[in-house]
2 protein chains.
Amino acid sequence: MTERAETGADSDSSVANEAETRRSADSSERAYLTIRKLLVEFKLKPGERINEVQLSRSLGVSRTPIREALNRLASEGFVSLTPNRGFFVRSLSTEGLLDLYELRSIIESAAFKLMCERADDSEIDRLRQYWEAIVDVYPNQPPDIILAEDEGFHLLIAELSGNPELVGQLSSINARIRFIRRIQIEHPSHDKAQITSHSAIVEAAVKRDAENGAKLLREHIEMTVSATQQALKDALLKVFAPDNGAELKRRRRARDA
Amino acid sequence: MTERAETGADSDSSVANEAETRRSADSSERAYLTIRKLLVEFKLKPGERINEVQLSRSLGVSRTPIREALNRLASEGFVSLTPNRGFFVRSLSTEGLLDLYELRSIIESAAFKLMCERADDSEIDRLRQYWEAIVDVYPNQPPDIILAEDEGFHLLIAELSGNPELVGQLSSINARIRFIRRIQIEHPSHDKAQITSHSAIVEAAVKRDAENGAKLLREHIEMTVSATQQALKDALLKVFAPDNGAELKRRRRARDA
DNA sequence: GAACGCAATAGTGTCGACACTTTCTTGACG
DNA sequence: CGTCAAGAAAGTGTCGACACTATTGCGTTC
């Protein structure tokens with residue numbers, strides 16, 4: 001047996017812990033949410049190496065929950081792991097983004113078709129109600145709300161498909177493209193066509209017109225994609241080059257002066 | 001020198017490597033693969049609670065890499081995590097299995113269509129060659145080989161779609177249903193119709209007949225599903241009730257020092 | 001004899017420590 | 001002046017320890 005690590009001495013002795021010493025048993029979960037938020041908000045930048053020690057310090061927990069969170073984020077595609085070098089923020093190139101949107105489109109249109117086949121009338125009506133309840137105020141909300149409501153709409157379709165796997169996949173995809181969707185919503189390119197799309201989709205659902213609805217969804221998403229292209233470029237520029245237009249890839253020795 | 005992490009080598013027969021060069025950051029990875037294998041082979045049974053200490057002992061590593069592996073497996077859907085109670089083997093009901101197959105079908109038929117649009121002739125030819133190279137010996141191989149070759153075939157279609165996300169999704173799905181596919185292959189219900197299916201799919205690919213190929217794929221998978229139903233039931237019976245018909249849920253008096 | 005607690009046990013969640021790798025710094029050499 | 005090597009520093013990967021929570025087992029009460 002390895003008899004190392006016997007600092008036996010009264011272990012903690014740390015700060016006077018009156019009521020706050022409780023090790024909440026959800027550090028990992030909070031770390032997960034927090035880090036994901038950092039990623040979504042570009043606080044951690046694409047390609048950047050993630051420093052576990054620094055993160056753990058700033059979240060006030062040890063590295064263990066940080067690593068658990070990062071592992072989850074890795075299998076969800078947010079970050080990548082290189083042995084002995086650690087976690088890196090996975091950069092989402094325009095290309096990679098298109099791939100994700102394509103996957104989303106595939107899943108959503110399939111979900112719509114399944115919903116048409118399987119959902120009963122009251123369920124379809126839930127979709128209609130969901131949309132009608134928000135359609136009027138929809139465009140005037142703050143971006144975060146718009147985003148949440150939009151995701152909710154699409155997610156509800158997935159739920160009504162009756163296949164929980166689709167819901168899971170879509171949630172995961174949504175999380176990964178959320179940052180760019182928010183950017184797009186705040187970008188001037190965001191317009192109201194999306195609203196009409198949703199209404200048309202609801203209409204197709206009510207009529208159980210699977211083919212047409214799926215097509216509308218595909219177009220809806222494609223529209224979003226192209227509207228997103230410019231927004232993405234602007235965002236990347238802002239993130240990488242606050243005051244200079246250098247290449248994105250080179251990042252050596254950027255300090256002098 | 002504390003000789004830590006010495007092979008431990010017990011429990012499983014999984015031969016490790018013998019390259020002594022540098023073994024380092026792969027405890028987690030090995031734990032991941034090993035545990036996933038245990039799951040796939042029903043060594044860890046659906047619904048069962050996973051004991052980290054026990055696992056870590058039998059793999060000869062500490063709990064840390066075990067937990068990292070379990071976290072990954074959790075976000076891939078193999079296991080679930082209940083706070084303060086630990087990880088549980090996610091039971092795959094017949095229903096859940098159908099959902100997975102449905103997702104697979106969606107992704108594969110979409111991949112096929114994309115492949116028809118995007119792959120160039122030489123790529124399509126790679127698919128044809130892949131299949132022709134194995135078609136003759138295919139049915140006479142051991143189950144593991146058949147399984148790998150079949151997965152390879154479908155995965156190649158995903159690759160030729162040009163969308164790496166599809167490849168990732170399909171791989172993940174494959175891993176989750178692998179155990180049941182193996183069971184099905186070994187089950188009497190396994191027949192040679194699958195071979196003809198593959199040939200027809202290749203043919204459609206060569207002709208770039210997206211619609212027909214996608215339809216063939218859907219049917220191919222549906223056929224597999226129904227062939228799998230009985231196999232699944234048999235397998236579950238074997239796993240849960242080797243010699244008695246007790247309920248599945250109750251499990252008392254399993255103490256052992 | 002069954003329901004109810006209460007003590008003992010088992011097991012997870014998190015921590016700090018440390019070995020080993022990678023990266024950075026510095027100084028010798030061409 | 002630039003190149004390379006050795007050492008220092010930073011950082012990851014894994015470990016054992018321990019606090020806290022869930023579960024089991026036992027004795028008490030009705």
# chains A, B, ... in the order shown; residues from 1 in each chain; ligands from 1
$ residues_around --residues "segment 10-20 of chain C" --least-positions-apart "3" --cutoff "7 Å" --atoms "only C-alpha atoms (C1' of nucleotides)" --output "ChimeraX atom specification"
/A:5,25,62,64 /B:84-86
$ calpha_fit_and_write --fixed "chain B" --moving "chain A" --output "PDB file with C-alpha atoms, in the first residue's frame"
ATOM      1  CA  MET A   1      -2.052  23.168   3.118  1.00  0.00           C
ATOM      2  CA  THR A   2      -3.398  19.935   4.079  1.00  0.00           C
ATOM      3  CA  GLU A   3      -0.600  17.780   5.094  1.00  0.00           C
ATOM      4  CA  ARG A   4      -2.315  14.525   4.975  1.00  0.00           C
ATOM      5  CA  ALA A   5      -1.326  11.516   3.126  1.00  0.00           C
ATOM      6  CA  GLU A   6       2.291  11.244   3.780  1.00  0.00           C
ATOM      7  CA  THR A   7       2.787   7.600   3.698  1.00  0.00           C
ATOM      8  CA  GLY A   8       5.991   8.736   2.243  1.00  0.00           C
ATOM      9  CA  ALA A   9       7.610   5.433   2.717  1.00  0.00           C
ATOM     10  CA  ASP A  10       8.920   3.974  -0.410  1.00  0.00           C
ATOM     11  CA  SER A  11       5.600   4.047  -2.135  1.00  0.00           C
ATOM     12  CA  ASP A  12       5.574   1.030  -4.276  1.00  0.00           C
ATOM     13  CA  SER A  13       7.668  -1.907  -3.304  1.00  0.00           C
ATOM     14  CA  SER A  14       5.078  -3.920  -5.000  1.00  0.00           C
ATOM     15  CA  VAL A  15       5.690  -7.028  -6.882  1.00  0.00           C
ATOM     16  CA  ALA A  16       8.933  -7.696  -8.537  1.00  0.00           C
ATOM     17  CA  ASN A  17       8.374  -5.793 -11.657  1.00  0.00           C
ATOM     18  CA  GLU A  18      10.692  -6.985 -14.251  1.00  0.00           C
ATOM     19  CA  ALA A  19       9.267  -6.023 -17.550  1.00  0.00           C
ATOM     20  CA  GLU A  20       5.618  -5.714 -16.861  1.00  0.00           C
ATOM     21  CA  THR A  21       5.467  -2.651 -14.750  1.00  0.00           C
ATOM     22  CA  ARG A  22       4.921  -0.424 -17.706  1.00  0.00           C
ATOM     23  CA  ARG A  23       1.944   1.675 -17.041  1.00  0.00           C
ATOM     24  CA  SER A  24       0.503   1.624 -20.446  1.00  0.00           C
ATOM     25  CA  ALA A  25      -0.928   5.019 -21.022  1.00  0.00           C
ATOM     26  CA  ASP A  26      -4.170   3.762 -22.347  1.00  0.00           C
ATOM     27  CA  SER A  27      -5.786   2.156 -19.360  1.00  0.00           C
ATOM     28  CA  SER A  28      -8.745   4.439 -19.699  1.00  0.00           C
ATOM     29  CA  GLU A  29      -9.297   3.542 -23.281  1.00  0.00           C
ATOM     30  CA  ARG A  30      -9.067  -0.153 -22.626  1.00  0.00           C
ATOM     31  CA  ALA A  31     -11.314   0.184 -19.612  1.00  0.00           C
ATOM     32  CA  TYR A  32     -13.791   2.029 -21.783  1.00  0.00           C
ATOM     33  CA  LEU A  33     -13.818  -0.666 -24.420  1.00  0.00           C
ATOM     34  CA  THR A  34     -13.935  -3.477 -21.927  1.00  0.00           C
ATOM     35  CA  ILE A  35     -16.751  -2.036 -19.879  1.00  0.00           C
ATOM     36  CA  ARG A  36     -18.702  -1.185 -22.957  1.00  0.00           C
ATOM     37  CA  LYS A  37     -18.335  -4.744 -24.048  1.00  0.00           C
ATOM     38  CA  LEU A  38     -19.565  -5.965 -20.693  1.00  0.00           C
ATOM     39  CA  LEU A  39     -22.599  -3.761 -21.108  1.00  0.00           C
ATOM     40  CA  VAL A  40     -23.242  -4.836 -24.649  1.00  0.00           C
ATOM     41  CA  GLU A  41     -23.026  -8.459 -23.698  1.00  0.00           C
ATOM     42  CA  PHE A  42     -25.278  -8.129 -20.704  1.00  0.00           C
ATOM     43  CA  LYS A  43     -22.522  -9.152 -18.370  1.00  0.00           C
ATOM     44  CA  LEU A  44     -23.511  -6.050 -16.536  1.00  0.00           C
ATOM     45  CA  LYS A  45     -27.232  -6.138 -16.279  1.00  0.00           C
ATOM     46  CA  PRO A  46     -29.687  -3.322 -16.796  1.00  0.00           C
ATOM     47  CA  GLY A  47     -30.455  -1.469 -13.599  1.00  0.00           C
ATOM     48  CA  GLU A  48     -27.516  -2.964 -11.819  1.00  0.00           C
ATOM     49  CA  ARG A  49     -25.245  -0.838  -9.761  1.00  0.00           C
ATOM     50  CA  ILE A  50     -21.683  -0.771 -10.957  1.00  0.00           C
ATOM     51  CA  ASN A  51     -19.066  -1.453  -8.352  1.00  0.00           C
ATOM     52  CA  GLU A  52     -15.961   0.489  -9.221  1.00  0.00           C
ATOM     53  CA  VAL A  53     -13.659  -1.346  -6.882  1.00  0.00           C
ATOM     54  CA  GLN A  54     -14.714  -4.694  -8.166  1.00  0.00           C
ATOM     55  CA  LEU A  55     -14.372  -3.582 -11.765  1.00  0.00           C
ATOM     56  CA  SER A  56     -10.985  -2.077 -11.196  1.00  0.00           C
ATOM     57  CA  ARG A  57      -9.805  -5.239  -9.580  1.00  0.00           C
ATOM     58  CA  SER A  58     -11.059  -7.383 -12.385  1.00  0.00           C
ATOM     59  CA  LEU A  59      -9.487  -5.177 -15.019  1.00  0.00           C
ATOM     60  CA  GLY A  60      -6.269  -4.886 -13.113  1.00  0.00           C
ATOM     61  CA  VAL A  61      -6.186  -1.101 -12.995  1.00  0.00           C
ATOM     62  CA  SER A  62      -6.998   1.479 -10.403  1.00  0.00           C
ATOM     63  CA  ARG A  63     -10.314   3.205 -10.068  1.00  0.00           C
ATOM     64  CA  THR A  64      -9.197   6.315 -11.880  1.00  0.00           C
ATOM     65  CA  PRO A  65      -9.325   4.953 -15.425  1.00  0.00           C
ATOM     66  CA  ILE A  66     -12.477   3.073 -14.530  1.00  0.00           C
ATOM     67  CA  ARG A  67     -14.143   6.286 -13.556  1.00  0.00           C
ATOM     68  CA  GLU A  68     -12.971   8.062 -16.670  1.00  0.00           C
ATOM     69  CA  ALA A  69     -14.426   5.308 -18.762  1.00  0.00           C
ATOM     70  CA  LEU A  70     -17.678   5.378 -16.845  1.00  0.00           C
ATOM     71  CA  ASN A  71     -17.956   9.091 -17.306  1.00  0.00           C
ATOM     72  CA  ARG A  72     -17.646   8.711 -21.025  1.00  0.00           C
ATOM     73  CA  LEU A  73     -20.171   5.924 -21.015  1.00  0.00           C
ATOM     74  CA  ALA A  74     -22.466   8.131 -19.022  1.00  0.00           C
ATOM     75  CA  SER A  75     -22.495  10.915 -21.551  1.00  0.00           C
ATOM     76  CA  GLU A  76     -23.075   8.367 -24.244  1.00  0.00           C
ATOM     77  CA  GLY A  77     -26.103   7.077 -22.436  1.00  0.00           C
ATOM     78  CA  PHE A  78     -24.888   3.626 -21.493  1.00  0.00           C
ATOM     79  CA  VAL A  79     -24.899   4.241 -17.792  1.00  0.00           C
ATOM     80  CA  SER A  80     -26.281   6.848 -15.483  1.00  0.00           C
ATOM     81  CA  LEU A  81     -24.701   8.560 -12.545  1.00  0.00           C
ATOM     82  CA  THR A  82     -26.411   9.228  -9.243  1.00  0.00           C
ATOM     83  CA  PRO A  83     -24.431  11.450  -6.908  1.00  0.00           C
ATOM     84  CA  ASN A  84     -22.878   9.603  -4.025  1.00  0.00           C
ATOM     85  CA  ARG A  85     -24.396   6.383  -5.154  1.00  0.00           C
ATOM     86  CA  GLY A  86     -22.393   5.749  -8.242  1.00  0.00           C
ATOM     87  CA  PHE A  87     -22.975   4.478 -11.729  1.00  0.00           C
ATOM     88  CA  PHE A  88     -25.849   2.295 -12.767  1.00  0.00           C
ATOM     89  CA  VAL A  89     -26.348   0.311 -15.910  1.00  0.00           C
ATOM     90  CA  ARG A  90     -29.002   2.144 -17.774  1.00  0.00           C
ATOM     91  CA  SER A  91     -31.795  -0.188 -18.465  1.00  0.00           C
ATOM     92  CA  LEU A  92     -33.058  -0.018 -21.958  1.00  0.00           C
ATOM     93  CA  SER A  93     -36.745  -0.590 -21.827  1.00  0.00           C
ATOM     94  CA  THR A  94     -38.587  -1.581 -24.942  1.00  0.00           C
ATOM     95  CA  GLU A  95     -39.773   1.957 -25.022  1.00  0.00           C
ATOM     96  CA  GLY A  96     -36.310   3.447 -24.790  1.00  0.00           C
ATOM     97  CA  LEU A  97     -35.184   1.113 -27.483  1.00  0.00           C
ATOM     98  CA  LEU A  98     -37.891   2.330 -29.796  1.00  0.00           C
ATOM     99  CA  ASP A  99     -36.797   5.881 -29.172  1.00  0.00           C
ATOM    100  CA  LEU A 100     -33.281   5.008 -30.157  1.00  0.00           C
ATOM    101  CA  TYR A 101     -34.331   3.237 -33.294  1.00  0.00           C
ATOM    102  CA  GLU A 102     -36.479   6.190 -34.181  1.00  0.00           C
ATOM    103  CA  LEU A 103     -33.530   8.514 -33.809  1.00  0.00           C
ATOM    104  CA  ARG A 104     -31.477   6.184 -35.905  1.00  0.00           C
ATOM    105  CA  SER A 105     -34.094   6.175 -38.569  1.00  0.00           C
ATOM    106  CA  ILE A 106     -34.215   9.944 -38.612  1.00  0.00           C
ATOM    107  CA  ILE A 107     -30.500  10.292 -38.962  1.00  0.00           C
ATOM    108  CA  GLU A 108     -30.073   7.612 -41.550  1.00  0.00           C
ATOM    109  CA  SER A 109     -32.764   8.772 -43.853  1.00  0.00           C
ATOM    110  CA  ALA A 110     -31.479  12.304 -43.647  1.00  0.00           C
ATOM    111  CA  ALA A 111     -27.990  11.040 -44.368  1.00  0.00           C
ATOM    112  CA  PHE A 112     -29.238   9.202 -47.393  1.00  0.00           C
ATOM    113  CA  LYS A 113     -30.824  12.291 -48.815  1.00  0.00           C
ATOM    114  CA  LEU A 114     -27.716  14.323 -48.275  1.00  0.00           C
ATOM    115  CA  MET A 115     -25.634  11.625 -49.863  1.00  0.00           C
ATOM    116  CA  CYS A 116     -27.800  11.735 -52.948  1.00  0.00           C
ATOM    117  CA  GLU A 117     -27.285  15.450 -53.200  1.00  0.00           C
ATOM    118  CA  ARG A 118     -23.620  15.608 -52.497  1.00  0.00           C
ATOM    119  CA  ALA A 119     -21.724  12.442 -53.150  1.00  0.00           C
ATOM    120  CA  ASP A 120     -20.063  12.188 -56.501  1.00  0.00           C
ATOM    121  CA  ASP A 121     -20.423   9.126 -58.675  1.00  0.00           C
ATOM    122  CA  SER A 122     -17.286   7.442 -57.502  1.00  0.00           C
ATOM    123  CA  GLU A 123     -18.432   7.711 -53.923  1.00  0.00           C
ATOM    124  CA  ILE A 124     -21.798   6.231 -54.679  1.00  0.00           C
ATOM    125  CA  ASP A 125     -19.922   3.517 -56.405  1.00  0.00           C
ATOM    126  CA  ARG A 126     -17.992   2.818 -53.250  1.00  0.00           C
ATOM    127  CA  LEU A 127     -21.270   2.095 -51.562  1.00  0.00           C
ATOM    128  CA  ARG A 128     -22.307  -0.223 -54.334  1.00  0.00           C
ATOM    129  CA  GLN A 129     -18.984  -2.005 -54.244  1.00  0.00           C
ATOM    130  CA  TYR A 130     -19.055  -2.331 -50.494  1.00  0.00           C
ATOM    131  CA  TRP A 131     -22.340  -4.077 -50.682  1.00  0.00           C
ATOM    132  CA  GLU A 132     -21.628  -6.219 -53.703  1.00  0.00           C
ATOM    133  CA  ALA A 133     -18.426  -7.433 -52.155  1.00  0.00           C
ATOM    134  CA  ILE A 134     -20.252  -8.935 -49.219  1.00  0.00           C
ATOM    135  CA  VAL A 135     -23.765  -9.633 -50.382  1.00  0.00           C
ATOM    136  CA  ASP A 136     -23.099 -13.201 -51.399  1.00  0.00           C
ATOM    137  CA  VAL A 137     -21.431 -14.395 -48.273  1.00  0.00           C
ATOM    138  CA  TYR A 138     -23.320 -12.054 -46.003  1.00  0.00           C
ATOM    139  CA  PRO A 139     -25.895 -14.431 -44.530  1.00  0.00           C
ATOM    140  CA  ASN A 140     -23.416 -17.187 -43.853  1.00  0.00           C
ATOM    141  CA  GLN A 141     -21.098 -15.290 -41.605  1.00  0.00           C
ATOM    142  CA  PRO A 142     -20.955 -15.464 -37.844  1.00  0.00           C
ATOM    143  CA  PRO A 143     -23.200 -12.941 -36.108  1.00  0.00           C
ATOM    144  CA  ASP A 144     -20.423 -10.580 -35.169  1.00  0.00           C
ATOM    145  CA  ILE A 145     -19.333 -10.252 -38.749  1.00  0.00           C
ATOM    146  CA  ILE A 146     -22.840  -9.749 -40.004  1.00  0.00           C
ATOM    147  CA  LEU A 147     -23.325  -7.065 -37.447  1.00  0.00           C
ATOM    148  CA  ALA A 148     -20.091  -5.302 -38.320  1.00  0.00           C
ATOM    149  CA  GLU A 149     -20.816  -5.428 -42.020  1.00  0.00           C
ATOM    150  CA  ASP A 150     -24.310  -4.139 -41.538  1.00  0.00           C
ATOM    151  CA  GLU A 151     -23.103  -1.288 -39.387  1.00  0.00           C
ATOM    152  CA  GLY A 152     -20.416  -0.582 -41.935  1.00  0.00           C
ATOM    153  CA  PHE A 153     -22.987  -0.315 -44.661  1.00  0.00           C
ATOM    154  CA  HIS A 154     -25.123   2.163 -42.834  1.00  0.00           C
ATOM    155  CA  LEU A 155     -22.137   4.066 -41.572  1.00  0.00           C
ATOM    156  CA  LEU A 156     -20.813   4.429 -45.071  1.00  0.00           C
ATOM    157  CA  ILE A 157     -24.017   6.143 -46.068  1.00  0.00           C
ATOM    158  CA  ALA A 158     -23.525   8.547 -43.211  1.00  0.00           C
ATOM    159  CA  GLU A 159     -19.983   9.206 -44.322  1.00  0.00           C
ATOM    160  CA  LEU A 160     -21.051   9.882 -47.868  1.00  0.00           C
ATOM    161  CA  SER A 161     -23.484  12.450 -46.572  1.00  0.00           C
ATOM    162  CA  GLY A 162     -20.434  14.599 -46.039  1.00  0.00           C
ATOM    163  CA  ASN A 163     -21.456  15.530 -42.543  1.00  0.00           C
ATOM    164  CA  PRO A 164     -19.141  14.094 -39.892  1.00  0.00           C
ATOM    165  CA  GLU A 165     -21.624  14.895 -37.153  1.00  0.00           C
ATOM    166  CA  LEU A 166     -24.005  12.389 -38.624  1.00  0.00           C
ATOM    167  CA  VAL A 167     -21.297   9.786 -38.579  1.00  0.00           C
ATOM    168  CA  GLY A 168     -20.580  10.476 -34.947  1.00  0.00           C
ATOM    169  CA  GLN A 169     -24.211  10.326 -33.938  1.00  0.00           C
ATOM    170  CA  LEU A 170     -24.842   7.149 -35.807  1.00  0.00           C
ATOM    171  CA  SER A 171     -21.782   5.483 -34.333  1.00  0.00           C
ATOM    172  CA  SER A 172     -22.916   6.356 -30.893  1.00  0.00           C
ATOM    173  CA  ILE A 173     -26.407   5.051 -31.507  1.00  0.00           C
ATOM    174  CA  ASN A 174     -25.033   1.896 -33.031  1.00  0.00           C
ATOM    175  CA  ALA A 175     -22.936   1.226 -29.989  1.00  0.00           C
ATOM    176  CA  ARG A 176     -25.939   1.560 -27.752  1.00  0.00           C
ATOM    177  CA  ILE A 177     -28.170  -0.784 -29.667  1.00  0.00           C
ATOM    178  CA  ARG A 178     -25.472  -3.198 -30.690  1.00  0.00           C
ATOM    179  CA  PHE A 179     -26.263  -5.677 -27.964  1.00  0.00           C
ATOM    180  CA  ILE A 180     -29.830  -5.982 -29.070  1.00  0.00           C
ATOM    181  CA  ARG A 181     -28.922  -6.156 -32.711  1.00  0.00           C
ATOM    182  CA  ARG A 182     -26.652  -9.036 -32.041  1.00  0.00           C
ATOM    183  CA  ILE A 183     -29.362 -10.780 -30.123  1.00  0.00           C
ATOM    184  CA  GLN A 184     -31.726 -10.221 -32.966  1.00  0.00           C
ATOM    185  CA  ILE A 185     -29.302 -11.608 -35.490  1.00  0.00           C
ATOM    186  CA  GLU A 186     -28.950 -14.773 -33.491  1.00  0.00           C
ATOM    187  CA  HIS A 187     -32.677 -15.020 -32.957  1.00  0.00           C
ATOM    188  CA  PRO A 188     -34.842 -17.137 -35.241  1.00  0.00           C
ATOM    189  CA  SER A 189     -36.702 -14.015 -36.238  1.00  0.00           C
ATOM    190  CA  HIS A 190     -33.669 -12.926 -38.225  1.00  0.00           C
ATOM    191  CA  ASP A 191     -34.312 -13.500 -41.854  1.00  0.00           C
ATOM    192  CA  LYS A 192     -33.006 -12.571 -45.197  1.00  0.00           C
ATOM    193  CA  ALA A 193     -35.326  -9.726 -45.938  1.00  0.00           C
ATOM    194  CA  GLN A 194     -32.659  -7.397 -44.648  1.00  0.00           C
ATOM    195  CA  ILE A 195     -30.457  -8.375 -47.523  1.00  0.00           C
ATOM    196  CA  THR A 196     -32.996  -7.456 -50.132  1.00  0.00           C
ATOM    197  CA  SER A 197     -33.492  -4.191 -48.316  1.00  0.00           C
ATOM    198  CA  HIS A 198     -29.861  -3.327 -48.605  1.00  0.00           C
ATOM    199  CA  SER A 199     -29.803  -4.150 -52.270  1.00  0.00           C
ATOM    200  CA  ALA A 200     -32.800  -1.950 -52.882  1.00  0.00           C
ATOM    201  CA  ILE A 201     -31.188   0.845 -50.968  1.00  0.00           C
ATOM    202  CA  VAL A 202     -28.062   0.618 -53.057  1.00  0.00           C
ATOM    203  CA  GLU A 203     -30.176   0.704 -56.130  1.00  0.00           C
ATOM    204  CA  ALA A 204     -31.901   3.853 -55.001  1.00  0.00           C
ATOM    205  CA  ALA A 205     -28.550   5.396 -54.243  1.00  0.00           C
ATOM    206  CA  VAL A 206     -27.261   4.679 -57.700  1.00  0.00           C
ATOM    207  CA  LYS A 207     -30.341   6.296 -59.140  1.00  0.00           C
ATOM    208  CA  ARG A 208     -29.986   9.136 -56.670  1.00  0.00           C
ATOM    209  CA  ASP A 209     -33.559   8.630 -55.700  1.00  0.00           C
ATOM    210  CA  ALA A 210     -33.404  10.395 -52.375  1.00  0.00           C
ATOM    211  CA  GLU A 211     -37.036  10.107 -51.407  1.00  0.00           C
ATOM    212  CA  ASN A 212     -37.396   6.483 -52.217  1.00  0.00           C
ATOM    213  CA  GLY A 213     -34.113   5.529 -50.615  1.00  0.00           C
ATOM    214  CA  ALA A 214     -34.953   7.361 -47.433  1.00  0.00           C
ATOM    215  CA  LYS A 215     -38.282   5.611 -47.357  1.00  0.00           C
ATOM    216  CA  LEU A 216     -36.641   2.250 -47.874  1.00  0.00           C
ATOM    217  CA  LEU A 217     -34.273   2.966 -45.035  1.00  0.00           C
ATOM    218  CA  ARG A 218     -37.100   3.904 -42.735  1.00  0.00           C
ATOM    219  CA  GLU A 219     -38.938   0.749 -43.591  1.00  0.00           C
ATOM    220  CA  HIS A 220     -35.799  -1.284 -43.279  1.00  0.00           C
ATOM    221  CA  ILE A 221     -35.265   0.001 -39.788  1.00  0.00           C
ATOM    222  CA  GLU A 222     -38.895  -0.372 -38.832  1.00  0.00           C
ATOM    223  CA  MET A 223     -38.786  -3.923 -39.968  1.00  0.00           C
ATOM    224  CA  THR A 224     -35.761  -4.528 -37.854  1.00  0.00           C
ATOM    225  CA  VAL A 225     -37.492  -2.984 -34.894  1.00  0.00           C
ATOM    226  CA  SER A 226     -40.490  -5.187 -35.014  1.00  0.00           C
ATOM    227  CA  ALA A 227     -38.345  -8.243 -35.576  1.00  0.00           C
ATOM    228  CA  THR A 228     -36.404  -7.149 -32.550  1.00  0.00           C
ATOM    229  CA  GLN A 229     -39.302  -6.883 -30.167  1.00  0.00           C
ATOM    230  CA  GLN A 230     -39.681 -10.542 -29.494  1.00  0.00           C
ATOM    231  CA  ALA A 231     -35.955 -11.088 -29.467  1.00  0.00           C
ATOM    232  CA  LEU A 232     -35.633  -8.438 -26.819  1.00  0.00           C
ATOM    233  CA  LYS A 233     -38.241 -10.019 -24.616  1.00  0.00           C
ATOM    234  CA  ASP A 234     -36.611 -13.387 -24.881  1.00  0.00           C
ATOM    235  CA  ALA A 235     -33.248 -11.924 -24.094  1.00  0.00           C
ATOM    236  CA  LEU A 236     -34.444 -10.043 -21.071  1.00  0.00           C
ATOM    237  CA  LEU A 237     -36.115 -13.118 -19.743  1.00  0.00           C
ATOM    238  CA  LYS A 238     -32.961 -15.073 -20.147  1.00  0.00           C
ATOM    239  CA  VAL A 239     -30.923 -12.441 -18.423  1.00  0.00           C
ATOM    240  CA  PHE A 240     -33.159 -11.757 -15.500  1.00  0.00           C
ATOM    241  CA  ALA A 241     -34.872 -14.968 -14.763  1.00  0.00           C
ATOM    242  CA  PRO A 242     -32.777 -17.961 -15.564  1.00  0.00           C
ATOM    243  CA  ASP A 243     -35.157 -20.238 -13.765  1.00  0.00           C
ATOM    244  CA  ASN A 244     -38.090 -18.294 -12.575  1.00  0.00           C
ATOM    245  CA  GLY A 245     -40.532 -15.845 -13.942  1.00  0.00           C
ATOM    246  CA  ALA A 246     -40.572 -13.207 -11.273  1.00  0.00           C
ATOM    247  CA  GLU A 247     -41.058  -9.572 -12.025  1.00  0.00           C
ATOM    248  CA  LEU A 248     -38.135  -7.657 -13.361  1.00  0.00           C
ATOM    249  CA  LYS A 249     -38.339  -4.838 -10.961  1.00  0.00           C
ATOM    250  CA  ARG A 250     -38.377  -6.447  -7.617  1.00  0.00           C
ATOM    251  CA  ARG A 251     -34.983  -7.419  -6.611  1.00  0.00           C
ATOM    252  CA  ARG A 252     -34.856  -7.380  -2.887  1.00  0.00           C
ATOM    253  CA  ARG A 253     -33.859 -10.144  -0.737  1.00  0.00           C
ATOM    254  CA  ALA A 254     -33.554 -12.625  -3.481  1.00  0.00           C
ATOM    255  CA  ARG A 255     -31.387 -14.884  -1.598  1.00  0.00           C
ATOM    256  CA  ASP A 256     -32.674 -17.251   1.066  1.00  0.00           C
ATOM    257  CA  ALA A 257     -32.503 -20.933   0.903  1.00  0.00           C
TER     258      ALA A 257
END
$ residues_around --residues "DA6 of chain D" --least-positions-apart "2" --cutoff "10 Å" --atoms "only C-alpha atoms (C1' of nucleotides)" --output "list of chain:residue names"
C:DT26, C:DG27, D:DC4, D:DA8
$ write_last_selection --atoms "C-alpha atoms (C1' of nucleotides)" --output "mmCIF file, in the first residue's frame"
data_model
loop_
_atom_site.group_PDB
_atom_site.id
_atom_site.type_symbol
_atom_site.label_atom_id
_atom_site.label_comp_id
_atom_site.auth_asym_id
_atom_site.auth_seq_id
_atom_site.Cartn_x
_atom_site.Cartn_y
_atom_site.Cartn_z
ATOM 1 C "C1'" DT C 26 16.863 31.512 -18.819
ATOM 2 C "C1'" DG C 27 21.456 30.989 -19.965
ATOM 3 C "C1'" DC D 4 18.909 24.685 -28.184
ATOM 4 C "C1'" DA D 8 11.597 26.200 -13.105
#
$ atom_distance --atom1 "atom C1' of DT24 of chain D" --atom2 "atom C1' of DG1 of chain C"
20.7 Å
$ interface_residues --of "chain D" --to "chain B" --cutoff "12 Å" --atoms "only C-alpha atoms (C1' of nucleotides)" --output "PDB file with C-alpha atoms (C1' of nucleotides), in the first residue's frame"
ATOM      1  C1'  DT D  12      -3.310  17.853 -15.481  1.00  0.00           C
ATOM      2  C1'  DG D  13      -4.411  13.084 -13.777  1.00  0.00           C
ATOM      3  C1'  DT D  14      -5.067  10.306  -9.928  1.00  0.00           C
ATOM      4  C1'  DC D  15      -5.090   9.235  -5.202  1.00  0.00           C
ATOM      5  C1'  DG D  16      -6.667   8.571  -0.324  1.00  0.00           C
ATOM      6  C1'  DC D  20     -22.560  14.135   4.761  1.00  0.00           C
ATOM      7  C1'  DT D  21     -26.611  11.387   3.119  1.00  0.00           C
ATOM      8  C1'  DA D  22     -29.129   7.189   2.340  1.00  0.00           C
ATOM      9  C1'  DT D  23     -29.924   2.501   3.811  1.00  0.00           C
ATOM     10  C1'  DT D  24     -29.887  -1.297   6.680  1.00  0.00           C
ATOM     11  C1'  DG D  25     -30.479  -3.627  11.035  1.00  0.00           C
TER      12       DG D  25
END
